[in-house]
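**Q** File entry_24.csv below, CSV, C-alpha atoms:
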```csv
chain,number,residue,atom,x,y,z
Q,24,MET,CA,27.1,-5.8,27.0
Q,25,ASP,CA,23.6,-5.7,25.6
Q,26,GLN,CA,23.1,-4.1,22.3
Q,27,ALA,CA,20.4,-1.4,22.1
Q,28,ALA,CA,18.2,-0.9,19.1
Q,29,THR,CA,16.7,2.6,18.6
Q,30,PHE,CA,13.7,3.7,16.5
Q,31,ASP,CA,13.8,7.5,17.1
Q,32,ASP,CA,13.0,10.2,14.6
Q,33,GLU,CA,16.6,10.6,13.4
Q,34,GLU,CA,16.6,7.1,12.2
Q,35,VAL,CA,13.1,6.4,11.1
Q,36,SER,CA,11.7,9.7,9.9
Q,37,SER,CA,12.8,12.0,7.0
Q,38,PRO,CA,13.4,15.7,7.6
Q,39,PHE,CA,10.0,17.0,6.6
Q,40,HIS,CA,8.7,18.3,9.9
Q,41,SER,CA,9.1,21.9,9.1
Q,42,SER,CA,7.4,21.8,5.7
Q,43,GLU,CA,4.0,23.3,5.4
Q,44,ASP,CA,3.1,20.6,2.9
Q,45,SER,CA,4.0,17.7,5.2
Q,46,VAL,CA,1.7,15.7,7.3
Q,47,VAL,CA,3.3,13.8,10.2
Q,48,LYS,CA,1.7,10.5,11.2
Q,49,LEU,CA,2.6,8.9,14.5
Q,50,ILE,CA,3.0,5.2,14.3
Q,51,GLY,CA,3.3,3.2,17.6
Q,52,ILE,CA,4.8,-0.2,18.1
Q,53,LEU,CA,4.0,-1.6,21.5
Q,54,VAL,CA,6.7,-3.9,23.0
Q,55,TYR,CA,7.3,-5.7,26.2
Q,56,ASP,CA,10.0,-8.0,27.7
Q,57,GLY,CA,10.5,-11.0,25.3
Q,58,PHE,CA,9.0,-9.3,22.2
Q,59,SER,CA,10.1,-10.3,18.8
Q,60,LEU,CA,12.3,-7.7,17.0
Q,61,LEU,CA,11.6,-9.0,13.5
Q,62,GLY,CA,8.1,-7.6,13.0
Q,63,ALA,CA,8.9,-4.2,14.6
Q,64,ALA,CA,12.1,-3.8,12.6
Q,65,THR,CA,10.4,-4.7,9.3
Q,66,LEU,CA,7.5,-2.3,9.9
Q,67,ALA,CA,9.9,0.5,10.9
Q,68,GLU,CA,12.2,-0.1,7.9
Q,69,ALA,CA,9.4,0.0,5.4
Q,70,LEU,CA,8.1,3.3,6.7
Q,71,ARG,CA,11.7,4.7,6.8
Q,72,PHE,CA,12.0,3.8,3.1
Q,73,ALA,CA,8.7,5.6,2.4
Q,74,ASN,CA,10.1,8.7,4.1
Q,75,GLU,CA,13.4,8.5,2.1
Q,76,LEU,CA,11.7,8.0,-1.3
Q,77,GLN,CA,9.4,11.0,-0.7
Q,78,SER,CA,12.4,13.3,0.1
Q,79,ARG,CA,13.5,12.8,-3.5
Q,80,GLY,CA,10.3,14.2,-5.0
Q,81,THR,CA,8.2,17.3,-4.6
Q,82,GLY,CA,4.8,18.2,-3.4
Q,83,LYS,CA,2.9,17.1,-0.3
Q,84,THR,CA,4.4,14.4,1.8
Q,85,VAL,CA,3.4,12.1,4.7
Q,86,THR,CA,6.2,11.6,7.2
Q,87,TYR,CA,6.0,8.5,9.4
Q,88,SER,CA,7.3,9.0,12.9
Q,89,VAL,CA,7.7,5.5,14.3
Q,90,ARG,CA,7.9,5.1,18.1
Q,91,LEU,CA,8.6,2.0,20.2
Q,92,VAL,CA,6.5,2.3,23.3
Q,93,SER,CA,6.2,0.1,26.5
Q,94,ALA,CA,4.4,0.3,29.8
Q,95,ARG,CA,7.4,1.9,31.6
Q,96,GLY,CA,9.7,3.1,28.9
Q,97,GLY,CA,13.4,2.5,28.8
Q,98,ALA,CA,15.3,-0.5,27.7
Q,99,ILE,CA,13.2,-3.6,26.8
Q,100,ALA,CA,14.8,-6.9,26.1
Q,101,CYS,CA,13.6,-8.7,23.0
Q,102,SER,CA,13.2,-12.5,22.7
Q,103,SER,CA,16.9,-12.6,21.8
Q,104,SER,CA,18.3,-11.6,25.2
Q,105,SER,CA,21.4,-10.1,23.7
Q,106,VAL,CA,19.4,-7.2,22.2
Q,107,CYS,CA,17.5,-4.5,23.9
Q,108,ALA,CA,15.4,-1.8,22.4
Q,109,TRP,CA,15.0,1.7,23.8
Q,110,THR,CA,11.4,2.6,24.3
Q,111,GLU,CA,9.3,5.5,25.4
Q,112,ARG,CA,6.6,5.3,28.0
Q,113,LEU,CA,3.1,4.5,26.8
Q,114,GLY,CA,0.7,6.9,28.5
Q,115,GLY,CA,0.5,10.5,29.6
Q,116,ASN,CA,-0.3,13.1,27.0
Q,117,ARG,CA,2.5,12.4,24.5
Q,118,PHE,CA,2.3,8.7,23.5
Q,119,LEU,CA,-1.1,7.4,23.9
Q,120,GLY,CA,-3.2,7.9,20.7
Q,121,PHE,CA,-1.6,7.0,17.4
Q,122,ASP,CA,-2.5,7.1,13.7
Q,123,ALA,CA,-1.7,3.4,13.8
Q,124,LEU,CA,-0.7,1.2,16.8
Q,125,TYR,CA,0.8,-2.2,16.3
Q,126,VAL,CA,1.3,-4.7,19.1
Q,127,ALA,CA,4.5,-6.8,18.7
Q,128,GLY,CA,4.5,-10.6,19.1
Q,129,GLY,CA,7.1,-12.7,20.8
Q,130,SER,CA,7.8,-15.3,23.4
Q,131,GLY,CA,6.9,-13.0,26.3
Q,132,VAL,CA,3.4,-12.2,25.0
Q,133,THR,CA,1.5,-14.5,27.4
Q,134,ARG,CA,3.2,-12.9,30.4
Q,135,ALA,CA,2.5,-9.4,29.0
Q,136,ALA,CA,-1.2,-10.3,28.5
Q,137,ALA,CA,-1.5,-11.2,32.2
Q,138,ASP,CA,-0.1,-7.8,33.2
Q,139,GLU,CA,-3.2,-5.8,34.3
Q,140,GLY,CA,-1.4,-2.5,34.3
Q,141,LEU,CA,-0.2,-3.0,30.7
Q,142,THR,CA,-3.6,-4.2,29.4
Q,143,ALA,CA,-5.3,-1.2,31.0
Q,144,LEU,CA,-2.9,1.1,29.1
Q,145,VAL,CA,-3.4,-0.9,25.9
Q,146,ARG,CA,-7.2,-0.4,26.1
Q,147,ILE,CA,-6.8,3.3,26.5
Q,148,ALA,CA,-4.2,3.6,23.7
Q,149,CYS,CA,-6.3,1.5,21.3
Q,150,SER,CA,-9.4,3.6,22.0
Q,151,GLN,CA,-7.5,6.7,20.9
Q,152,SER,CA,-5.8,5.2,17.9
Q,153,ALA,CA,-7.2,5.1,14.4
Q,154,VAL,CA,-5.7,1.7,13.3
Q,155,VAL,CA,-5.0,-1.1,15.8
Q,156,SER,CA,-3.4,-4.3,14.8
Q,157,ALA,CA,-0.9,-7.0,15.8
Q,158,LEU,CA,2.4,-8.4,14.5
Q,159,GLY,CA,2.8,-12.1,14.9
Q,160,SER,CA,1.4,-13.3,18.2
Q,161,GLY,CA,0.6,-9.8,19.3
Q,162,ASP,CA,-3.1,-10.8,19.0
Q,163,VAL,CA,-2.7,-12.6,22.4
Q,164,LEU,CA,-2.0,-9.2,24.1
Q,165,LEU,CA,-4.9,-7.5,22.3
Q,166,ALA,CA,-7.2,-10.4,23.4
Q,167,GLY,CA,-6.0,-10.1,27.0
Q,168,ALA,CA,-6.9,-6.4,26.9
Q,169,GLY,CA,-10.3,-7.1,25.3
Q,170,VAL,CA,-9.4,-5.1,22.2
Q,171,ALA,CA,-10.4,-6.0,18.6
Q,172,ARG,CA,-8.2,-5.3,15.7
Q,173,ARG,CA,-9.0,-2.4,13.3
Q,174,ASP,CA,-6.8,-3.3,10.3
Q,175,LEU,CA,-6.1,-1.5,7.1
Q,176,ALA,CA,-4.8,-4.6,5.4
Q,177,SER,CA,-7.4,-7.0,4.1
Q,178,VAL,CA,-4.8,-9.8,4.0
Q,179,GLY,CA,-4.7,-11.5,7.4
Q,180,ARG,CA,-2.5,-14.1,8.9
Q,181,GLY,CA,-3.7,-16.7,6.3
Q,182,ALA,CA,-2.1,-15.2,3.2
Q,183,TRP,CA,-3.4,-16.3,-0.2
Q,184,ASN,CA,-1.0,-17.6,-2.8
Q,185,ALA,CA,-1.6,-15.3,-5.8
Q,186,GLY,CA,-3.3,-17.0,-8.7
Q,187,THR,CA,-4.3,-20.1,-6.7
Q,188,SER,CA,-6.8,-21.0,-4.0
Q,189,LYS,CA,-4.0,-22.1,-1.6
Q,190,VAL,CA,-3.6,-20.5,1.7
Q,191,SER,CA,-0.3,-20.4,3.6
Q,192,PRO,CA,0.7,-18.7,6.8
Q,193,LEU,CA,2.5,-15.4,6.7
Q,194,SER,CA,5.8,-15.0,8.5
Q,195,GLU,CA,6.0,-12.3,11.2
Q,196,GLY,CA,8.2,-10.3,8.8
Q,197,GLY,CA,5.8,-10.8,5.9
Q,198,GLU,CA,2.8,-9.8,8.0
Q,199,ALA,CA,4.6,-6.6,9.1
Q,200,MET,CA,5.4,-5.8,5.5
Q,201,ILE,CA,1.8,-6.2,4.5
Q,202,HIS,CA,0.7,-3.8,7.3
Q,203,SER,CA,3.3,-1.2,6.4
Q,204,LEU,CA,2.4,-1.4,2.7
Q,205,ALA,CA,-1.3,-1.0,3.5
Q,206,LEU,CA,-0.4,2.2,5.4
Q,207,ILE,CA,1.8,3.5,2.6
Q,208,LYS,CA,-0.7,2.6,-0.1
Q,209,ARG,CA,-3.5,4.4,1.7
Q,210,ASP,CA,-1.5,7.6,2.4
Q,211,LEU,CA,0.8,7.8,-0.6
Q,212,GLY,CA,-0.7,5.5,-3.3
Q,213,TYR,CA,0.0,2.3,-5.1
Q,214,ASP,CA,3.2,3.5,-6.9
Q,215,MET,CA,4.9,4.5,-3.6
Q,216,ALA,CA,3.9,1.2,-2.0
Q,217,THR,CA,5.4,-0.6,-5.0
Q,218,ALA,CA,8.6,1.3,-4.7
Q,219,VAL,CA,8.9,0.5,-1.0
Q,220,ALA,CA,8.1,-3.1,-1.6
Q,221,ASN,CA,10.9,-3.3,-4.2
Q,222,ARG,CA,13.3,-1.9,-1.6
Q,223,LEU,CA,12.3,-4.4,1.0
Q,224,THR,CA,12.5,-7.5,-1.3
Q,225,SER,CA,15.7,-8.8,-2.7
Q,226,SER,CA,14.2,-9.6,-6.1
Q,227,ASN,CA,11.1,-8.6,-8.1
Q,228,ASP,CA,8.2,-10.8,-6.9
Q,229,GLN,CA,5.8,-11.5,-9.8
Q,230,HIS,CA,3.0,-11.7,-7.2
Q,231,LEU,CA,3.8,-8.3,-5.7
Q,232,PRO,CA,1.4,-6.2,-8.0
Q,233,ILE,CA,-1.5,-8.5,-7.2
Q,234,MET,CA,-0.8,-8.4,-3.5
Q,235,LEU,CA,-0.6,-4.6,-3.5
Q,236,SER,CA,-3.8,-4.3,-5.4
Q,237,THR,CA,-5.6,-6.5,-2.9
Q,238,ILE,CA,-4.3,-5.2,0.5
Q,239,GLY,CA,-6.4,-2.5,2.0
Q,240,THR,CA,-9.2,-3.1,-0.5
Q,241,GLY,CA,-12.3,-4.1,1.3
Q,242,THR,CA,-15.7,-3.7,-0.3
Q,243,ARG,CA,-16.7,-5.0,-3.7
Q,244,ALA,CA,-17.0,-1.4,-5.0
Q,245,GLU,CA,-13.4,-0.7,-3.7
Q,246,LYS,CA,-12.2,-3.9,-5.5
Q,247,ALA,CA,-13.7,-2.8,-8.8
Q,248,GLN,CA,-12.2,0.7,-8.4
Q,249,GLU,CA,-8.8,-0.8,-7.6
Q,250,SER,CA,-8.9,-3.1,-10.7
Q,251,ALA,CA,-9.9,0.0,-12.8
Q,252,ARG,CA,-6.8,1.8,-11.5
Q,253,TRP,CA,-4.7,-1.3,-12.3
Q,254,LEU,CA,-6.1,-1.3,-15.9
Q,255,GLU,CA,-5.1,2.4,-16.2
Q,256,ARG,CA,-1.6,1.9,-14.9
Q,257,ASN,CA,-1.0,-1.1,-17.1
Q,258,CYS,CA,-2.9,-0.1,-20.3
Q,259,GLY,CA,0.4,0.2,-22.2
Q,260,ARG,CA,1.1,-3.5,-21.8
Q,261,GLN,CA,-0.5,-6.6,-23.4
Q,262,ILE,CA,-2.9,-7.5,-20.6
Q,263,SER,CA,-6.2,-9.4,-20.4
Q,264,VAL,CA,-9.4,-9.4,-18.5
Q,265,GLY,CA,-8.1,-12.5,-16.6
Q,266,ASP,CA,-5.0,-10.5,-15.5
Q,267,ALA,CA,-7.2,-7.8,-14.1
Q,268,ALA,CA,-9.5,-10.4,-12.3
Q,269,ARG,CA,-6.4,-11.9,-10.6
Q,270,THR,CA,-5.4,-8.5,-9.2
Q,271,ILE,CA,-8.4,-8.7,-6.9
Q,272,ALA,CA,-8.4,-12.5,-6.5
Q,273,MET,CA,-11.6,-13.1,-8.3
Q,274,SER,CA,-12.7,-15.5,-11.1
Q,275,GLU,CA,-13.0,-13.9,-14.5
Q,276,ARG,CA,-16.7,-14.5,-14.6
Q,277,ASN,CA,-17.4,-12.8,-11.3
Q,278,PHE,CA,-15.0,-10.0,-12.1
Q,279,LEU,CA,-16.9,-9.2,-15.3
Q,280,ARG,CA,-20.2,-8.9,-13.4
Q,281,LEU,CA,-18.7,-6.9,-10.6
Q,282,PHE,CA,-16.9,-4.5,-12.9
Q,283,LYS,CA,-19.9,-3.8,-15.1
Q,284,ARG,CA,-22.1,-3.2,-12.1
Q,285,GLU,CA,-19.8,-0.9,-10.3
Q,286,MET,CA,-18.1,0.9,-13.1
Q,287,GLY,CA,-20.9,1.0,-15.7
Q,288,THR,CA,-18.8,-0.5,-18.5
Q,289,THR,CA,-17.0,-3.7,-19.2
Q,290,PRO,CA,-13.3,-4.1,-18.4
Q,291,SER,CA,-12.5,-4.4,-22.1
Q,292,GLN,CA,-14.2,-1.1,-22.9
Q,293,TYR,CA,-12.6,0.6,-19.9
Q,294,LEU,CA,-9.1,-0.7,-21.0
Q,295,LEU,CA,-9.7,0.6,-24.5
Q,296,GLN,CA,-10.6,4.0,-23.2
Q,297,ALA,CA,-7.5,4.1,-21.0
Q,298,ARG,CA,-5.4,3.2,-24.0
Q,299,LEU,CA,-7.0,5.9,-26.1
Q,300,ASN,CA,-6.5,8.5,-23.4
Q,301,LEU,CA,-2.9,7.6,-23.2
Q,302,GLY,CA,-2.7,7.8,-27.0
Q,303,CYS,CA,-4.2,11.3,-26.9
Q,304,GLU,CA,-1.6,12.5,-24.5
Q,305,LEU,CA,1.3,11.0,-26.5
Q,306,LEU,CA,-0.1,12.6,-29.7
Q,307,ALA,CA,-0.5,16.0,-28.1
Q,308,ARG,CA,2.8,16.1,-26.1
Q,309,SER,CA,5.2,14.2,-28.3
Q,310,ASP,CA,6.4,13.8,-31.9
Q,311,LEU,CA,6.4,10.0,-31.7
Q,312,PRO,CA,5.3,8.3,-34.9
Q,313,ILE,CA,1.9,6.6,-34.9
Q,314,ASP,CA,3.4,3.0,-34.9
Q,315,LYS,CA,5.4,3.8,-31.7
Q,316,ILE,CA,2.4,5.4,-30.0
Q,317,ALA,CA,0.4,2.3,-30.9
Q,318,ARG,CA,2.9,0.0,-29.2
Q,319,ARG,CA,3.1,2.2,-26.1
Q,320,THR,CA,-0.6,2.1,-25.7
Q,321,GLY,CA,-0.9,-1.7,-26.1
Q,322,LEU,CA,-2.7,-1.4,-29.4
Q,323,THR,CA,-0.1,-3.5,-31.3
Q,324,ASN,CA,0.4,-1.5,-34.5
Q,325,GLY,CA,-0.4,1.8,-36.2
Q,326,GLU,CA,-3.2,0.4,-38.4
Q,327,ARG,CA,-5.2,-0.9,-35.4
Q,328,PHE,CA,-4.6,2.2,-33.4
Q,329,SER,CA,-5.7,4.4,-36.3
Q,330,LYS,CA,-8.9,2.4,-36.8
Q,331,VAL,CA,-10.1,2.5,-33.2
Q,332,PHE,CA,-9.0,6.1,-32.8
Q,333,LYS,CA,-11.0,7.2,-35.8
Q,334,LYS,CA,-14.0,5.4,-34.6
Q,335,GLN,CA,-13.8,7.2,-31.2
Q,336,PHE,CA,-12.9,10.7,-32.4
Q,337,ALA,CA,-14.1,10.7,-36.1
Q,338,MET,CA,-10.7,11.8,-37.2
Q,339,SER,CA,-7.3,10.3,-37.8
Q,340,PRO,CA,-4.5,10.4,-35.1
Q,341,THR,CA,-2.6,12.8,-37.3
Q,342,GLU,CA,-5.5,15.2,-37.6
Q,343,TYR,CA,-6.0,15.0,-33.8
Q,344,ARG,CA,-2.4,15.8,-33.2
Q,345,ASN,CA,-2.5,18.9,-35.5
Q,346,ARG,CA,-5.7,20.2,-33.9
Q,347,ARG,CA,-4.3,19.8,-30.4
Q,348,LYS,CA,-1.0,21.5,-31.3
Q,349,ASN,CA,-3.1,24.4,-32.7
Q,350,GLY,CA,-4.8,24.7,-29.4
Q,351,ASP,CA,-8.2,23.3,-30.5
Q,352,THR,CA,-10.4,21.3,-28.1
Q,353,VAL,CA,-11.2,17.8,-29.4
Q,354,GLN,CA,-14.1,15.7,-28.0
Q,355,ALA,CA,-14.8,12.1,-28.5
Q,356,ALA,CA,-17.4,11.2,-31.2
Q,357,THR,CA,-20.9,10.5,-30.0
Q,358,SER,CA,-21.6,6.7,-30.1
```
Can you present the structure in this file as structure tokens?
**A**
Amino acid sequence: MDQAATFDDEEVSSPFHSSEDSVVKLIGILVYDGFSLLGAATLAEALRFANELQSRGTGKTVTYSVRLVSARGGAIACSSSSVCAWTERLGGNRFLGFDALYVAGGSGVTRAAADEGLTALVRIACSQSAVVSALGSGDVLLAGAGVARRDLASVGRGAWNAGTSKVSPLSEGGEAMIHSLALIKRDLGYDMATAVANRLTSSNDQHLPIMLSTIGTGTRAEKAQESARWLERNCGRQISVGDAARTIAMSERNFLRLFKREMGTTPSQYLLQARLNLGCELLARSDLPIDKIARRTGLTNGERFSKVFKKQFAMSPTEYRNRRKNGDTVQAATS
């Protein structure tokens, strides 16, 4: 007997629908006879992880409701004929427009692209969906419907190899992961995308932070802003300008020019300010000794930390701590 794979709310979504602080986003995966299950399953699994991880925290959440849809609904056989997936009918008032719609690839894609009834539905659904993309060979069906992709992820089928100029093809599962992480990063931020990526991969990938910083980052201004956020997140570590340049796949020289033009300061100055901001918070909110604060802010030792701190605030870290704990407002010294 055929096995049936389901992607309904009970499996894919977390129980946030009744919360006033929750936003539900409808994600569609369009399938057809002979579709590949790998990409659809990877995408759904990543969004399920995002739902689960949010349920452990507080505040506003984004719940992803993932739906497999097909032209007629019902059981659809994937490229492995022993597995069928249960789908809902594309069309009508319920499942037509999506926050994001992905077209699955698979061995049956050419036949699906020749189905005029299906391509007509695809055109309508894509016109009413904010994001339109393809998994694997799903581009063939989009092309048959005369629809262009509207991707979130800036990493396409030719994936760069971090830190090099080499280009290698993404697997269908890898491409689905990129698309899911781009959605999560847009809606929930870099940290949540990182947490989901770590759940999806069996080991920590050293290229993962660079990939996450790059996907979904389009214009040069957005790249500069993303690298600035990376500097803020990593200011407690020993990092370099070259490290920051690699997060957006740029040469150090071009990165320096871009950052200065878009952010109004150099990356080194921005990093130093981020470290000082972190130091101020640690001074005000903890009783850690100066040497420990220096190490946690990437400033090596207490002597160096005190020197740059006094130059910025015209007072020692100890004096700053005392003033903050007394409720005084402290401003940076005028350069």
**Q** Give me, as a list in words, all polymer residues having an atom no more than 10 Å from Leu254 of chain Q, counting all atoms listed in the file and skipping those fewer than 6 positions away in the same chain.
**A**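 Surrounding residues, per the criterion: Gln248, Arg260, Ile262, Ser263, Val264, Asp266, Ala267, Thr270, Pro290, Ser291, Tyr293, Leu294, Leu295, Ala297 and Arg298 of chain Q.
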**Q** Write to file, as a PDB file, in the frame of the given file, the residues of the selection just made, with C-alpha atoms.
**A**
```
ATOM      1  CA  GLN Q 248     -12.200   0.700  -8.400  1.00  0.00           C
ATOM      2  CA  ARG Q 260       1.100  -3.500 -21.800  1.00  0.00           C
ATOM      3  CA  ILE Q 262      -2.900  -7.500 -20.600  1.00  0.00           C
ATOM      4  CA  SER Q 263      -6.200  -9.400 -20.400  1.00  0.00           C
ATOM      5  CA  VAL Q 264      -9.400  -9.400 -18.500  1.00  0.00           C
ATOM      6  CA  ASP Q 266      -5.000 -10.500 -15.500  1.00  0.00           C
ATOM      7  CA  ALA Q 267      -7.200  -7.800 -14.100  1.00  0.00           C
ATOM      8  CA  THR Q 270      -5.400  -8.500  -9.200  1.00  0.00           C
ATOM      9  CA  PRO Q 290     -13.300  -4.100 -18.400  1.00  0.00           C
ATOM     10  CA  SER Q 291     -12.500  -4.400 -22.100  1.00  0.00           C
ATOM     11  CA  TYR Q 293     -12.600   0.600 -19.900  1.00  0.00           C
ATOM     12  CA  LEU Q 294      -9.100  -0.700 -21.000  1.00  0.00           C
ATOM     13  CA  LEU Q 295      -9.700   0.600 -24.500  1.00  0.00           C
ATOM     14  CA  ALA Q 297      -7.500   4.100 -21.000  1.00  0.00           C
ATOM     15  CA  ARG Q 298      -5.400   3.200 -24.000  1.00  0.00           C
TER      16      ARG Q 298
END
```
**Q** What is the atom CA of Trp253 of chain Q to atom CA of Lys334 of chain Q distance in Å?
**A**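 Rounded to one decimal, the two atoms are 25.1 Å apart.
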**Q** Nearest residue to Arg319 of chain Q out of Q:Ile271, Q:Cys258, Q:Leu211, Q:Met338, using all atoms listed in the file?
**A**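 Of Q:Ile271, Q:Cys258, Q:Leu211, Q:Met338, the one nearest Arg319 of chain Q, counting all atoms listed in the file, is Q:Cys258.
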**Q** Name the residues in contact with Ala157 of chain Q at a cut-off of 8 Å, using only C-alpha atoms, excluding same-chain residues fewer than 4 positions from it; report them as a ChimeraX atom specification.
**A** /Q:125-128,161-162,165,172
**Q** What does the structure give for the distance between atom CA of Ala268 of chain Q and atom CA of Thr217 of chain Q, in Å to one decimal?
**A** 19.3 Å
**Q** What lies within 12 Å of Phe72 of chain Q using all atoms listed in the file, ignoring chain neighbours under 2 positions off, as a PyMOL selection string?
**A** chain Q and resi 34-37+65-70+74-79+86-87+200+203-204+207+215-223
**Q** When you look at Leu60 of chain Q with a cut-off of 8 Å (counting all atoms listed in the file), what residues show up, excluding the ones that are within fewer than 2 positions of it in the same chain? I need them as a PyMOL selection string.
**A** chain Q and resi 58+62-64+101-102
**Q** Taking C-alpha atoms for each residue, export the selection above as a PDB file, in the coordinates of the input.
**A**
```
ATOM      1  CA  PHE Q  58       9.000  -9.300  22.200  1.00  0.00           C
ATOM      2  CA  GLY Q  62       8.100  -7.600  13.000  1.00  0.00           C
ATOM      3  CA  ALA Q  63       8.900  -4.200  14.600  1.00  0.00           C
ATOM      4  CA  ALA Q  64      12.100  -3.800  12.600  1.00  0.00           C
ATOM      5  CA  CYS Q 101      13.600  -8.700  23.000  1.00  0.00           C
ATOM      6  CA  SER Q 102      13.200 -12.500  22.700  1.00  0.00           C
TER       7      SER Q 102
END
```
**Q** Need the shell around Gly140 of chain Q: protein/DNA/RNA residues with any atom at most 8 Å away, counting all atoms listed in the file. Skip same-chain ones fewer than 3 positions apart. Format as a PyMOL selection string?
**A** chain Q and resi 94+143-144
**Q** My structure is short of atoms at segment 96-116 of chain Q; please model N, CA and C atoms there, returning them as a PDB file, keeping the file's coordinate frame.
**A**
```
ATOM      1  N   GLY Q  96       8.620   2.406  29.622  1.00  0.00           N
ATOM      2  CA  GLY Q  96       9.700   3.100  28.900  1.00  0.00           C
ATOM      3  C   GLY Q  96      11.030   2.498  29.221  1.00  0.00           C
ATOM      4  N   GLY Q  97      12.080   3.025  28.586  1.00  0.00           N
ATOM      5  CA  GLY Q  97      13.400   2.500  28.800  1.00  0.00           C
ATOM      6  C   GLY Q  97      13.785   1.340  28.004  1.00  0.00           C
ATOM      7  N   ALA Q  98      14.830   0.625  28.421  1.00  0.00           N
ATOM      8  CA  ALA Q  98      15.300  -0.500  27.700  1.00  0.00           C
ATOM      9  C   ALA Q  98      14.437  -1.736  27.873  1.00  0.00           C
ATOM     10  N   ILE Q  99      14.052  -2.364  26.767  1.00  0.00           N
ATOM     11  CA  ILE Q  99      13.200  -3.600  26.800  1.00  0.00           C
ATOM     12  C   ILE Q  99      13.948  -4.670  26.057  1.00  0.00           C
ATOM     13  N   ALA Q 100      14.081  -5.825  26.701  1.00  0.00           N
ATOM     14  CA  ALA Q 100      14.800  -6.900  26.100  1.00  0.00           C
ATOM     15  C   ALA Q 100      13.855  -7.672  25.114  1.00  0.00           C
ATOM     16  N   CYS Q 101      14.372  -7.951  23.920  1.00  0.00           N
ATOM     17  CA  CYS Q 101      13.600  -8.700  23.000  1.00  0.00           C
ATOM     18  C   CYS Q 101      13.787 -10.207  23.237  1.00  0.00           C
ATOM     19  N   SER Q 102      13.159 -11.060  22.426  1.00  0.00           N
ATOM     20  CA  SER Q 102      13.200 -12.500  22.700  1.00  0.00           C
ATOM     21  C   SER Q 102      14.651 -13.029  22.562  1.00  0.00           C
ATOM     22  N   SER Q 103      15.488 -12.306  21.790  1.00  0.00           N
ATOM     23  CA  SER Q 103      16.900 -12.600  21.800  1.00  0.00           C
ATOM     24  C   SER Q 103      17.538 -11.745  22.903  1.00  0.00           C
ATOM     25  N   SER Q 104      17.889 -12.326  24.021  1.00  0.00           N
ATOM     26  CA  SER Q 104      18.300 -11.600  25.200  1.00  0.00           C
ATOM     27  C   SER Q 104      19.492 -10.684  25.009  1.00  0.00           C
ATOM     28  N   SER Q 105      20.230 -10.881  23.905  1.00  0.00           N
ATOM     29  CA  SER Q 105      21.400 -10.100  23.700  1.00  0.00           C
ATOM     30  C   SER Q 105      21.101  -8.696  23.107  1.00  0.00           C
ATOM     31  N   VAL Q 106      19.827  -8.466  22.769  1.00  0.00           N
ATOM     32  CA  VAL Q 106      19.400  -7.200  22.200  1.00  0.00           C
ATOM     33  C   VAL Q 106      18.345  -6.541  22.987  1.00  0.00           C
ATOM     34  N   CYS Q 107      18.537  -5.257  23.286  1.00  0.00           N
ATOM     35  CA  CYS Q 107      17.500  -4.500  23.900  1.00  0.00           C
ATOM     36  C   CYS Q 107      17.110  -3.308  23.032  1.00  0.00           C
ATOM     37  N   ALA Q 108      15.868  -2.914  23.122  1.00  0.00           N
ATOM     38  CA  ALA Q 108      15.400  -1.800  22.400  1.00  0.00           C
ATOM     39  C   ALA Q 108      15.021  -0.651  23.318  1.00  0.00           C
ATOM     40  N   TRP Q 109      15.364   0.577  22.957  1.00  0.00           N
ATOM     41  CA  TRP Q 109      15.000   1.700  23.800  1.00  0.00           C
ATOM     42  C   TRP Q 109      13.608   2.163  23.465  1.00  0.00           C
ATOM     43  N   THR Q 110      12.772   2.300  24.476  1.00  0.00           N
ATOM     44  CA  THR Q 110      11.400   2.600  24.300  1.00  0.00           C
ATOM     45  C   THR Q 110      10.969   3.870  25.030  1.00  0.00           C
ATOM     46  N   GLU Q 111       9.849   4.417  24.660  1.00  0.00           N
ATOM     47  CA  GLU Q 111       9.300   5.500  25.400  1.00  0.00           C
ATOM     48  C   GLU Q 111       8.005   5.061  26.086  1.00  0.00           C
ATOM     49  N   ARG Q 112       7.657   5.733  27.167  1.00  0.00           N
ATOM     50  CA  ARG Q 112       6.600   5.300  28.000  1.00  0.00           C
ATOM     51  C   ARG Q 112       5.213   5.462  27.345  1.00  0.00           C
ATOM     52  N   LEU Q 113       4.425   4.400  27.313  1.00  0.00           N
ATOM     53  CA  LEU Q 113       3.100   4.500  26.800  1.00  0.00           C
ATOM     54  C   LEU Q 113       2.195   5.133  27.880  1.00  0.00           C
ATOM     55  N   GLY Q 114       1.528   6.208  27.545  1.00  0.00           N
ATOM     56  CA  GLY Q 114       0.700   6.900  28.500  1.00  0.00           C
ATOM     57  C   GLY Q 114       1.021   8.354  28.607  1.00  0.00           C
ATOM     58  N   GLY Q 115       0.330   9.054  29.474  1.00  0.00           N
ATOM     59  CA  GLY Q 115       0.500  10.500  29.600  1.00  0.00           C
ATOM     60  C   GLY Q 115      -0.117  11.165  28.346  1.00  0.00           C
ATOM     61  N   ASN Q 116       0.323  12.381  28.066  1.00  0.00           N
ATOM     62  CA  ASN Q 116      -0.300  13.100  27.000  1.00  0.00           C
ATOM     63  C   ASN Q 116       0.478  12.953  25.658  1.00  0.00           C
TER      64      ASN Q 116
END
```
